[in-house]
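Single-structure report; data block below.
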Amino acid sequence: LRLYQVTRKFRDEPKPRFGLLRSREFYMKDMYTFDTCEKAARHTYEQVCDAYCSLFTRLGLPFVKVQAATGSIGGTTSHEFQLPADIGEDRLVLCPQGHFAANVETLNGGQTSCPTCGEKLTETKGIEVGHTFYLGTKYSSVANAVFSSAENKPQLAEMGCYGLGVTRILAASIEVLSTEDSIRWPSLIAPFQLCFIPPKRGSKEEEEGAALLERVYDDLAEALPHLAGDSVLDDRTQLTIGKRLKDANRLGYPYVVVAGKRVCEDPPVFEVWNQNTGEVLYVTKEGVIELLSKVQVP
Ligand SMILES: [Zn+2]
C-alpha cells in the first residue's frame with residue numbers, strides 16, 4: 001500500500017532564509033508505504049529511491065544520493081537527495097569515484113577515505129531536496145497498523161516514508177544551474193519554454209518581421225500545440241532586440257526566437273537562441289518548428 005500527497009505545509013521555521021529554500025510555508029510531496037515483510041519493504045524503498053533518481057536526472061540536476069541520519073523520524077536506513085551548492089546547509093562527503101556519499105552527520109569521527117576504494121573523500125555542501133526513510137515497524141507497532149497474514153494472523157506492516165521538497169526543488173535548481181547574470185531553469189519546470197522577440201519599432205524589418213514571426217507562432221501552435229501556452233511574446237518593441245534578448249536571458253526562457261535582420265531574406269531566417277547552451281542557430285520557419293519539436297514539456 002502506497003499513500004502519497006502533494007500539499008502545502010507549514011513549519012514554524014526559526015530562521016527562514018534564502019527565499020524559497022527555507023521558508024515557513026512550502027509544497028511537499030510525501031508518501032508512506034506499507035508492506036507485508038521486510039524484503040518487500042526494502043524493495044519498495046529501492047523503487048522509490050530509483051524514482052527519485054530518475055526525477056532529478058530528467059530535470060537535468062547534478063544530484064547526489066547520500067546516506068543520511070534517521071534523526072527524529074527514526075528507522076534503520078535513510079538517504080538524502082542533495083544538490084551540491086555553496087549555500088547548502090548540509091555538509092556532505094563524497095568519494096570522487098562515486099562509491100560512497102554521506103551526510104557528515106552519519107559519520108563517527110573522522111572518516112576521511114572511501115570504504116570501497118580508499119581514495120580521499122571530498123567535502124561539499126548540499127541542499128537537501130528529497131529524503132527517504134526505511135521505518136520498519138517503528139510506527140506500525142505504536143499505531144497497531146496490522147494486516148492478516150496468509151495464516152490469518154495479525155502482522156505488523158513494514159513501513160517507509162518518503163519526501164520531496166517541491167518548492168525547494170524549484171529554488172535549488174535555479175541556484176545550482178544559473179550563472180551570475182542569468183537564470184537557468186530545468187526545461188521541464190521552466191514557467192515558459194519560449195520567448196518571441198519581434199523587430200524594433202521603426203526598423204525596416206518591423207512590419208514584415210512581426211507578421212512573419214506571428215506566422216511562426218501560428219504554425220508552431222498547430223504543429224506543437226503543447227508549446228502554444230508555454231510561449232511569451234516580448235512586444236516591448238520600443239526596446240532594441242539586444243535589450244530584450246538580454247532580459248530574456250536573465251529570465252531564463254530555455255528558447256528565444258528572434259525576428260532579426262535576416263527575417264527579410266527569401267526564405268526568411270530566424271534566430272533561435274538556446275539559452276542553456278548559449279548556442280544560436282539561424283533557421284527557416286520549418287527549421288524553428290523542427291528544432292522546437294525536441295523540447296520536452298511535461
Ligand atoms: Zn571510492
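All residue names refer to the C-alpha cells as shown: chains lettered A, B, ... in order, residues numbered from 1 in each chain, ligands numbered from 1 in order.
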If you count only C-alpha atoms, which residues fall within 12 Å of Glu265 (chain A), apart from same-chain ones fewer than 2 positions away, as a ChimeraX atom specification?
/A:205,208-209,212,259-263,267-270,282-284
For ligand 1, collect every residue having any atom at a distance of at most 7 Å from a ligand atom (counting only C-alpha atoms and all ligand atoms); output as a PDB file with all heavy atoms, in the first residue's frame.
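Here's the written file pocket.pdb:
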ATOM      1  N   CYS A  95      33.021  10.203  -2.295  1.00  0.00           N
ATOM      2  CA  CYS A  95      34.163   9.570  -2.955  1.00  0.00           C
ATOM      3  C   CYS A  95      34.217  10.138  -4.369  1.00  0.00           C
ATOM      4  O   CYS A  95      33.200  10.163  -5.054  1.00  0.00           O
ATOM      5  CB  CYS A  95      33.971   8.054  -3.007  1.00  0.00           C
ATOM      6  SG  CYS A  95      35.020   7.275  -4.252  1.00  0.00           S
ATOM      7  N   PRO A  96      35.394  10.608  -4.811  1.00  0.00           N
ATOM      8  CA  PRO A  96      35.481  11.187  -6.160  1.00  0.00           C
ATOM      9  C   PRO A  96      35.091  10.176  -7.246  1.00  0.00           C
ATOM     10  O   PRO A  96      34.680  10.563  -8.339  1.00  0.00           O
ATOM     11  CB  PRO A  96      36.951  11.590  -6.300  1.00  0.00           C
ATOM     12  CG  PRO A  96      37.551  11.479  -4.946  1.00  0.00           C
ATOM     13  CD  PRO A  96      36.678  10.603  -4.117  1.00  0.00           C
ATOM     14  N   GLN A  97      35.218   8.878  -6.949  1.00  0.00           N
ATOM     15  CA  GLN A  97      34.846   7.843  -7.927  1.00  0.00           C
ATOM     16  C   GLN A  97      33.359   7.482  -7.840  1.00  0.00           C
ATOM     17  O   GLN A  97      32.881   6.653  -8.606  1.00  0.00           O
ATOM     18  CB  GLN A  97      35.649   6.553  -7.690  1.00  0.00           C
ATOM     19  CG  GLN A  97      37.137   6.735  -7.523  1.00  0.00           C
ATOM     20  CD  GLN A  97      37.810   7.115  -8.830  1.00  0.00           C
ATOM     21  OE1 GLN A  97      37.284   6.822  -9.899  1.00  0.00           O
ATOM     22  NE2 GLN A  97      38.939   7.787  -8.735  1.00  0.00           N
ATOM     23  N   GLY A  98      32.661   8.050  -6.864  1.00  0.00           N
ATOM     24  CA  GLY A  98      31.222   7.799  -6.758  1.00  0.00           C
ATOM     25  C   GLY A  98      30.821   6.547  -5.992  1.00  0.00           C
ATOM     26  O   GLY A  98      29.677   6.121  -6.046  1.00  0.00           O
ATOM     27  N   HIS A  99      31.763   5.925  -5.242  1.00  0.00           N
ATOM     28  CA  HIS A  99      31.396   4.718  -4.484  1.00  0.00           C
ATOM     29  C   HIS A  99      30.609   5.040  -3.233  1.00  0.00           C
ATOM     30  O   HIS A  99      29.853   4.216  -2.737  1.00  0.00           O
ATOM     31  CB  HIS A  99      32.648   3.965  -4.006  1.00  0.00           C
ATOM     32  CG  HIS A  99      33.547   3.531  -5.104  1.00  0.00           C
ATOM     33  ND1 HIS A  99      34.836   3.972  -5.229  1.00  0.00           N
ATOM     34  CD2 HIS A  99      33.314   2.702  -6.138  1.00  0.00           C
ATOM     35  CE1 HIS A  99      35.385   3.417  -6.293  1.00  0.00           C
ATOM     36  NE2 HIS A  99      34.484   2.653  -6.869  1.00  0.00           N
ATOM     37  N   PHE A 100      30.861   6.207  -2.685  1.00  0.00           N
ATOM     38  CA  PHE A 100      30.392   6.468  -1.337  1.00  0.00           C
ATOM     39  C   PHE A 100      29.991   7.930  -1.223  1.00  0.00           C
ATOM     40  O   PHE A 100      30.675   8.810  -1.749  1.00  0.00           O
ATOM     41  CB  PHE A 100      31.546   6.156  -0.361  1.00  0.00           C
ATOM     42  CG  PHE A 100      31.227   6.412   1.083  1.00  0.00           C
ATOM     43  CD1 PHE A 100      30.492   5.497   1.821  1.00  0.00           C
ATOM     44  CD2 PHE A 100      31.657   7.582   1.707  1.00  0.00           C
ATOM     45  CE1 PHE A 100      30.191   5.734   3.155  1.00  0.00           C
ATOM     46  CE2 PHE A 100      31.361   7.828   3.043  1.00  0.00           C
ATOM     47  CZ  PHE A 100      30.631   6.896   3.764  1.00  0.00           C
ATOM     48  N   CYS A 114      37.409   6.604   1.285  1.00  0.00           N
ATOM     49  CA  CYS A 114      36.299   5.805   0.778  1.00  0.00           C
ATOM     50  C   CYS A 114      36.428   4.358   1.251  1.00  0.00           C
ATOM     51  O   CYS A 114      37.496   3.759   1.110  1.00  0.00           O
ATOM     52  CB  CYS A 114      36.304   5.858  -0.746  1.00  0.00           C
ATOM     53  SG  CYS A 114      35.160   4.698  -1.496  1.00  0.00           S
ATOM     54  N   PRO A 115      35.356   3.781   1.819  1.00  0.00           N
ATOM     55  CA  PRO A 115      35.443   2.398   2.294  1.00  0.00           C
ATOM     56  C   PRO A 115      35.626   1.395   1.147  1.00  0.00           C
ATOM     57  O   PRO A 115      36.082   0.283   1.376  1.00  0.00           O
ATOM     58  CB  PRO A 115      34.108   2.169   3.012  1.00  0.00           C
ATOM     59  CG  PRO A 115      33.214   3.273   2.606  1.00  0.00           C
ATOM     60  CD  PRO A 115      34.056   4.397   2.104  1.00  0.00           C
ATOM     61  N   THR A 116      35.306   1.786  -0.076  1.00  0.00           N
ATOM     62  CA  THR A 116      35.448   0.860  -1.203  1.00  0.00           C
ATOM     63  C   THR A 116      36.828   0.947  -1.851  1.00  0.00           C
ATOM     64  O   THR A 116      37.513  -0.058  -2.009  1.00  0.00           O
ATOM     65  CB  THR A 116      34.367   1.133  -2.271  1.00  0.00           C
ATOM     66  OG1 THR A 116      33.096   1.094  -1.638  1.00  0.00           O
ATOM     67  CG2 THR A 116      34.414   0.107  -3.386  1.00  0.00           C
ATOM     68  N   CYS A 117      37.239   2.178  -2.221  1.00  0.00           N
ATOM     69  CA  CYS A 117      38.486   2.284  -2.985  1.00  0.00           C
ATOM     70  C   CYS A 117      39.610   2.935  -2.189  1.00  0.00           C
ATOM     71  O   CYS A 117      40.751   2.970  -2.647  1.00  0.00           O
ATOM     72  CB  CYS A 117      38.255   3.050  -4.284  1.00  0.00           C
ATOM     73  SG  CYS A 117      37.925   4.798  -4.041  1.00  0.00           S
ATOM     74  N   GLY A 118      39.289   3.451  -0.998  1.00  0.00           N
ATOM     75  CA  GLY A 118      40.341   4.029  -0.171  1.00  0.00           C
ATOM     76  C   GLY A 118      40.756   5.431  -0.565  1.00  0.00           C
ATOM     77  O   GLY A 118      41.607   6.040   0.079  1.00  0.00           O
ATOM     78  N   GLU A 119      40.141   5.964  -1.620  1.00  0.00           N
ATOM     79  CA  GLU A 119      40.530   7.309  -2.028  1.00  0.00           C
ATOM     80  C   GLU A 119      40.026   8.343  -1.014  1.00  0.00           C
ATOM     81  O   GLU A 119      39.037   8.114  -0.319  1.00  0.00           O
ATOM     82  CB  GLU A 119      39.973   7.620  -3.420  1.00  0.00           C
ATOM     83  CG  GLU A 119      40.947   8.477  -4.205  1.00  0.00           C
ATOM     84  CD  GLU A 119      40.582   8.596  -5.667  1.00  0.00           C
ATOM     85  OE1 GLU A 119      40.467   7.557  -6.349  1.00  0.00           O
ATOM     86  OE2 GLU A 119      40.414   9.735  -6.094  1.00  0.00           O
TER      87      GLU A 119
END
DSSP strand (DSSP E) residues within region 8-213 of chain A, as JSON, numbers by chain
{"A": [8, 9, 10, 25, 26, 27, 28, 29, 30, 31, 32, 33, 34, 35, 64, 65, 66, 67, 77, 78, 79, 80, 81, 82, 83, 84, 90, 91, 92, 93, 94, 101, 102, 103, 122, 123, 124, 125, 126, 127, 128, 129, 130, 131, 132, 133, 134, 135, 136, 146, 147, 148, 154, 155, 156, 158, 159, 160, 161, 162, 163, 164, 165, 194, 195, 196, 197]}
Long-range neighbours of Val280 (chain A) as a list in words, 12 Å cut-off, only C-alpha atoms, 4 positions minimum in chain
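Neighbouring residues, sequence-local ones excluded: Leu245, Pro254, Tyr255, Val256, Val257, Val258, Phe270, Glu271, Val272, Trp273, Asn274, Gln275, Asn276, Val288 and Leu291 of chain A.
CA of Lys9 (chain A) is positioned 22.5 Å from CA of Cys49 (chain A).
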Residues at most 12 Å from Val48 (chain A), counting only C-alpha atoms, excluding those fewer than 6 positions away in the same chain, as a ChimeraX atom specification?
/A:2,4,30-33,41-42,54-55,79,81,130-134,160-164
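Closest to Asn108 (chain A) among A:Ile197, A:Leu156, A:Leu3, A:Ala69 is A:Ala69, based on only C-alpha atoms.
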Skipping near chain neighbours, those fewer than 2 positions away, what residues fall within 9 Å of Phe192 (chain A) using only C-alpha atoms, listed as a PyMOL selection string?
chain A and resi 187+189-190+194-195+227+229-232+252-254
Spatial neighbours of Ala85 (chain A), 7 Å, only C-alpha atoms, chain gap at least 3 places, as a PyMOL selection string
chain A and resi 88+125-127+176
Can you list, as a PyMOL selection string, every protein, DNA or RNA residue that comes within 8 Å of Leu251 (chain A) when you count only C-alpha atoms, leaving out same-chain residues fewer than 6 positions away?
chain A and resi 182-184
So, counting only C-alpha atoms, which residue among A:Glu214, A:Glu158, A:Glu46, A:Asp219 is closest to Leu233 (chain A)?
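Residue with the minimum atom-to-atom distance to Leu233 (chain A): A:Glu214.
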